[in-house]
Amino acid sequence: MVTKYKALSVVAASFLAISLTACGSGGSTNGSTTDTKTSAAPTATAQAKKQENITITFQNIYPDPTDPKNGMLKKIVNDYQTKNPNIKIELDSLNTDQQKLKLKTQAASKEVPDITIVNPAAQMKPFVDAGLFAPLNDMVDQNGLKGTFQEGILNWYTFNNNIYALPDGNNIAVVYYNKDLFKQAGVEVPKTFEEMITAVKTLKGKGIQPMAIGEKDSWTGSFLFMNVLLRTNGGPGFLQSVVDGKKTFADPAFTEAVSSFQDLVQAGAFQEGATSFDYNAGENLFKTAKAAMYFMGSWATGGIETSSVNGKVGVFKFPTVKGKGNPDEFMLAPGSAFAISANSKHLKETKDFLNYFMLNFPKEAFAVKGAVGIAQKVDGDFKAAGYSDMAMEVLGLFKQVKGGDLAFDNTMNPGTAQGHLTSIQNLFVQKKDPAEVGKEHQTAYETNKK
């Protein structure tokens, strides 16, 4: 299994060395898989199998038609089906939390789709341990696919030297802001968390919604909270310190993070009923100029760039909290990844399709302005291709990464993570004693640790 925090520096290094150079070559020019048939004439059985109609189920998290990756997904799928008319790719497009819940149910009955979505490290380990995913080592060696990925990124999806999933992203968390709304309210880009709270109050006083969030998908609030903790801890590694027995959730770094996070909530940063907005609904508030700020992974860049606020948006690093932390340390987000069911009835064909999909992913993502923060190397000049100033700002931030932390649910086991997600989500509904929130986390950890 991959060692999480030892590999963190590798992930940070891949951000620092983010490549805008050509993709690894070695395959066919159209990205189709290598023909391994011998020169011998195929048997009648082989001919019949070749013509067999096959359906491959493809679970994904690109349901939003306004997201460039939604159109990119459909284009690659349609191109593949045109070249392989006997194969139908059946799409099951869900938002993140819906997909996680559905996969959990499917896994329990061992009916995992041919291709599904999984998150790195701790989140995918139970599925791997249960033998639900097929190793992809052979497939990534086809057509030079492995060489298209940024250095070190596949480590997060590797267990016992087997690669079990291929990521779509390698992202950092940033704060997007609407320049027009900031100007309208007379606020400046905050350099500290305390200034951010002041900006929230000023915006709200001017009748402008300060921040948007989709907290029905509870990972969104957790992601923001963990950036606060990254600062109050003075740097990365708080959760690893808990695992190592050096700290508990009663530590001042954690309770200070809870207190500061609640200050943001209590200042009125988020829209009314935030826990009833899913990820897409929350993001759309920002994309339609109904909120001034949006904290999210850099994967959101493409969707914002193709929205009505394009040209009006800037980005800034998450600031220091009470003078603590380094803004050049980010929440790091090795992306959601594509895994193949070990029980797929069409394992070879599914691997061939995923190989084709991933080989074409960088080119098609680049074409639809969705290539900021993908996990593969990109062949193209972003500026010349018409990417926005905002996108160029985000790309510039990648070069400044000096390390960071992973999301809570990519680090801790699922039971502890669920306790954390519920606990943080509750802070959007009611104010709680930070020490009590720490106890909730410690209980979840003690109950679920092995």
# chains A, B, ... in the order shown; residues from 1 in each chain; ligands from 1

$ residues_around --residues "A:Phe149" --least-positions-apart "3" --cutoff "8 Å" --atoms "only C-alpha atoms" --output "JSON, numbers by chain"
{"A": [145, 146, 153, 154, 375, 376, 377]}

$ write_last_selection --atoms "N, CA, C and O atoms" --output "mmCIF file, in the first residue's frame"
data_model
loop_
_atom_site.group_PDB
_atom_site.id
_atom_site.type_symbol
_atom_site.label_atom_id
_atom_site.label_comp_id
_atom_site.auth_asym_id
_atom_site.auth_seq_id
_atom_site.Cartn_x
_atom_site.Cartn_y
_atom_site.Cartn_z
ATOM 1 N N LEU A 145 0.516 4.946 -22.087
ATOM 2 C CA LEU A 145 -0.419 5.669 -21.220
ATOM 3 C C LEU A 145 0.226 6.086 -19.894
ATOM 4 O O LEU A 145 0.028 7.210 -19.426
ATOM 5 N N LYS A 146 1.001 5.200 -19.292
ATOM 6 C CA LYS A 146 1.587 5.506 -17.990
ATOM 7 C C LYS A 146 2.429 6.776 -18.041
ATOM 8 O O LYS A 146 2.425 7.589 -17.110
ATOM 9 N N ILE A 153 1.907 10.839 -9.213
ATOM 10 C CA ILE A 153 0.467 10.916 -8.967
ATOM 11 C C ILE A 153 -0.172 9.531 -8.835
ATOM 12 O O ILE A 153 -1.102 9.334 -8.037
ATOM 13 N N LEU A 154 0.333 8.542 -9.585
ATOM 14 C CA LEU A 154 -0.282 7.213 -9.534
ATOM 15 C C LEU A 154 -0.022 6.490 -8.217
ATOM 16 O O LEU A 154 -0.691 5.498 -7.904
ATOM 17 N N ALA A 375 -4.509 15.404 -14.124
ATOM 18 C CA ALA A 375 -3.411 14.590 -13.610
ATOM 19 C C ALA A 375 -2.393 14.218 -14.674
ATOM 20 O O ALA A 375 -1.346 13.643 -14.355
ATOM 21 N N GLN A 376 -2.692 14.519 -15.915
ATOM 22 C CA GLN A 376 -1.807 14.154 -17.009
ATOM 23 C C GLN A 376 -1.102 15.387 -17.586
ATOM 24 O O GLN A 376 -1.533 16.522 -17.371
ATOM 25 N N LYS A 377 -0.027 15.144 -18.286
ATOM 26 C CA LYS A 377 0.715 16.222 -18.943
ATOM 27 C C LYS A 377 -0.108 16.747 -20.111
ATOM 28 O O LYS A 377 -0.850 15.997 -20.746
#

$ residues_around --residues "stretch 294-298 of chain A" --least-positions-apart "6" --cutoff "8 Å" --atoms "only C-alpha atoms" --output "ChimeraX atom specification"
/A:171-177,211-213,220,223-224,283,286,333,372-373,394

$ select_by_dssp --residues "stretch 239-346 of chain A" --states "strand (DSSP E)" --output "list in words"
Met293, Tyr294, Phe295, Met296, Gly297, Val313, Gly314, Val315, Phe316, Phe330, Met331, Leu332, Ala333, Pro334, Ala337, Phe338, Ala339 and Ile340 of chain A

$ write_last_selection --atoms "N, CA, C and O atoms" --output "compact mmCIF listing (two decimals), in the first residue's frame"
# COMPACT_ATOMS: atom_id res chain seq x y z
N MET A 293 -17.53 34.93 -3.33
CA MET A 293 -16.37 34.05 -3.17
C MET A 293 -16.78 32.58 -3.23
O MET A 293 -17.93 32.23 -2.93
N TYR A 294 -15.82 31.76 -3.59
CA TYR A 294 -16.06 30.32 -3.70
C TYR A 294 -14.76 29.59 -3.43
O TYR A 294 -13.80 29.73 -4.19
N PHE A 295 -14.72 28.83 -2.35
CA PHE A 295 -13.54 28.02 -2.02
C PHE A 295 -13.72 26.64 -2.62
O PHE A 295 -14.68 25.94 -2.31
N MET A 296 -12.77 26.26 -3.49
CA MET A 296 -12.91 24.95 -4.13
C MET A 296 -11.58 24.54 -4.73
O MET A 296 -10.65 25.33 -4.88
N GLY A 297 -11.49 23.26 -5.11
CA GLY A 297 -10.33 22.76 -5.82
C GLY A 297 -10.23 23.40 -7.19
O GLY A 297 -11.24 23.82 -7.77
N VAL A 313 -13.48 37.05 -12.76
CA VAL A 313 -13.07 36.25 -11.61
C VAL A 313 -11.56 36.23 -11.44
O VAL A 313 -10.81 36.10 -12.42
N GLY A 314 -11.12 36.37 -10.20
CA GLY A 314 -9.72 36.20 -9.84
C GLY A 314 -9.61 35.10 -8.79
O GLY A 314 -10.62 34.53 -8.36
N VAL A 315 -8.39 34.78 -8.40
CA VAL A 315 -8.17 33.76 -7.37
C VAL A 315 -7.16 34.27 -6.35
O VAL A 315 -6.33 35.13 -6.66
N PHE A 316 -7.26 33.74 -5.13
CA PHE A 316 -6.22 34.03 -4.14
C PHE A 316 -5.99 32.81 -3.25
O PHE A 316 -6.85 31.93 -3.14
N PHE A 330 -0.95 24.25 0.49
CA PHE A 330 -2.31 24.16 -0.02
C PHE A 330 -2.98 22.86 0.41
O PHE A 330 -2.30 21.89 0.75
N MET A 331 -4.30 22.84 0.36
CA MET A 331 -4.99 21.56 0.36
C MET A 331 -4.73 20.93 -1.00
O MET A 331 -5.04 21.52 -2.03
N LEU A 332 -4.12 19.75 -0.99
CA LEU A 332 -3.76 19.05 -2.22
C LEU A 332 -4.84 18.02 -2.53
O LEU A 332 -5.37 17.37 -1.63
N ALA A 333 -5.16 17.88 -3.79
CA ALA A 333 -6.27 17.01 -4.16
C ALA A 333 -5.94 16.12 -5.35
O ALA A 333 -6.32 16.43 -6.48
N PRO A 334 -5.18 15.03 -5.09
CA PRO A 334 -5.12 14.00 -6.14
C PRO A 334 -6.55 13.61 -6.47
O PRO A 334 -7.35 13.36 -5.57
N ALA A 337 -10.81 9.06 -9.41
CA ALA A 337 -10.12 8.22 -10.39
C ALA A 337 -11.03 7.13 -10.93
O ALA A 337 -12.00 6.73 -10.29
N PHE A 338 -10.70 6.66 -12.12
CA PHE A 338 -11.47 5.63 -12.81
C PHE A 338 -10.91 4.25 -12.46
O PHE A 338 -9.74 3.97 -12.69
N ALA A 339 -11.77 3.39 -11.90
CA ALA A 339 -11.39 2.02 -11.57
C ALA A 339 -12.27 1.06 -12.35
O ALA A 339 -13.40 1.39 -12.72
N ILE A 340 -11.77 -0.14 -12.57
CA ILE A 340 -12.49 -1.16 -13.33
C ILE A 340 -12.86 -2.32 -12.40
O ILE A 340 -12.04 -2.77 -11.60

$ closest_atom_pairs --of "stretch 367-416 of chain A" --to "stretch 442-445 of chain A" --cutoff "10 Å" --atoms "only C-alpha atoms" --output "Markdown table"
| residue | atom | partner | partner_atom | distance |
| --- | --- | --- | --- | --- |
| A:Met412 | CA | A:Tyr445 | CA | 8.5 |
| A:Asn413 | CA | A:Tyr445 | CA | 8.6 |
| A:Gly415 | CA | A:Ala444 | CA | 7.1 |
| A:Thr416 | CA | A:Ala444 | CA | 5.0 |

$ closest_residue --among "A:Ala367, A:Val429, A:Lys110, A:Leu354" --to "A:Gly268" --atoms "only C-alpha atoms"
A:Val429

$ closest_residue --among "A:Lys191, A:Phe159, A:Glu440, A:Lys183" --to "A:Gly131" --atoms "only C-alpha atoms"
A:Phe159

$ residues_around --residues "A:Ser344" --least-positions-apart "5" --cutoff "8 Å" --atoms "only C-alpha atoms" --output "mmCIF file with all heavy atoms, in the first residue's frame"
data_model
loop_
_atom_site.group_PDB
_atom_site.id
_atom_site.type_symbol
_atom_site.label_atom_id
_atom_site.label_comp_id
_atom_site.auth_asym_id
_atom_site.auth_seq_id
_atom_site.Cartn_x
_atom_site.Cartn_y
_atom_site.Cartn_z
ATOM 1 N N PRO A 113 -20.037 -1.334 -11.224
ATOM 2 C CA PRO A 113 -20.085 -1.100 -12.677
ATOM 3 C C PRO A 113 -18.747 -1.445 -13.333
ATOM 4 O O PRO A 113 -17.714 -1.513 -12.662
ATOM 5 C CB PRO A 113 -20.373 0.402 -12.785
ATOM 6 C CG PRO A 113 -20.914 0.796 -11.465
ATOM 7 C CD PRO A 113 -20.300 -0.111 -10.454
ATOM 8 N N ASP A 114 -18.782 -1.624 -14.653
ATOM 9 C CA ASP A 114 -17.537 -1.941 -15.362
ATOM 10 C C ASP A 114 -16.464 -0.893 -15.041
ATOM 11 O O ASP A 114 -15.317 -1.228 -14.776
ATOM 12 C CB ASP A 114 -17.789 -2.001 -16.873
ATOM 13 C CG ASP A 114 -18.707 -3.139 -17.264
ATOM 14 O OD1 ASP A 114 -18.357 -4.296 -16.982
ATOM 15 O OD2 ASP A 114 -19.775 -2.856 -17.824
ATOM 16 N N THR A 350 -13.298 -3.465 -21.591
ATOM 17 C CA THR A 350 -13.374 -2.319 -20.681
ATOM 18 C C THR A 350 -12.007 -1.667 -20.515
ATOM 19 O O THR A 350 -11.888 -0.435 -20.518
ATOM 20 C CB THR A 350 -13.935 -2.753 -19.306
ATOM 21 O OG1 THR A 350 -15.238 -3.330 -19.487
ATOM 22 C CG2 THR A 350 -14.041 -1.573 -18.363
#

$ residues_around --residues "stretch 277-282 of chain A" --least-positions-apart "6" --cutoff "9 Å" --atoms "only C-alpha atoms" --output "JSON list (two decimals) with C-alpha atoms, in the first residue's frame"
[["chain", "number", "residue", "atom", "x", "y", "z"],
["A", 63, "PRO", "CA", -23.47, 15.25, -14.54],
["A", 64, "ASP", "CA", -23.45, 19.03, -14.93],
["A", 95, "ASN", "CA", -22.80, 14.07, -8.40],
["A", 96, "THR", "CA", -20.02, 13.09, -6.00],
["A", 97, "ASP", "CA", -22.01, 12.17, -2.91],
["A", 212, "ALA", "CA", -21.17, 29.93, -1.90],
["A", 213, "ILE", "CA", -20.91, 26.30, -0.84],
["A", 214, "GLY", "CA", -22.70, 23.04, -1.67],
["A", 215, "GLU", "CA", -22.71, 21.54, 1.84],
["A", 216, "LYS", "CA", -25.36, 18.93, 1.10],
["A", 217, "ASP", "CA", -22.28, 17.18, -0.29],
["A", 218, "SER", "CA", -20.57, 17.28, 3.09],
["A", 220, "THR", "CA", -17.17, 20.60, 0.64],
["A", 271, "GLN", "CA", -26.04, 31.12, 1.81],
["A", 294, "TYR", "CA", -16.06, 30.32, -3.70]]

$ select_by_dssp --residues "stretch 60-124 of chain A" --states "helix (DSSP H, G or I)" --output "ChimeraX atom specification"
/A:68-83,96-108,121-123

$ closest_residue --among "A:Val437, A:Ile304, A:Ala134, A:Ile163" --to "A:Asp67" --atoms "only C-alpha atoms"
A:Ile304
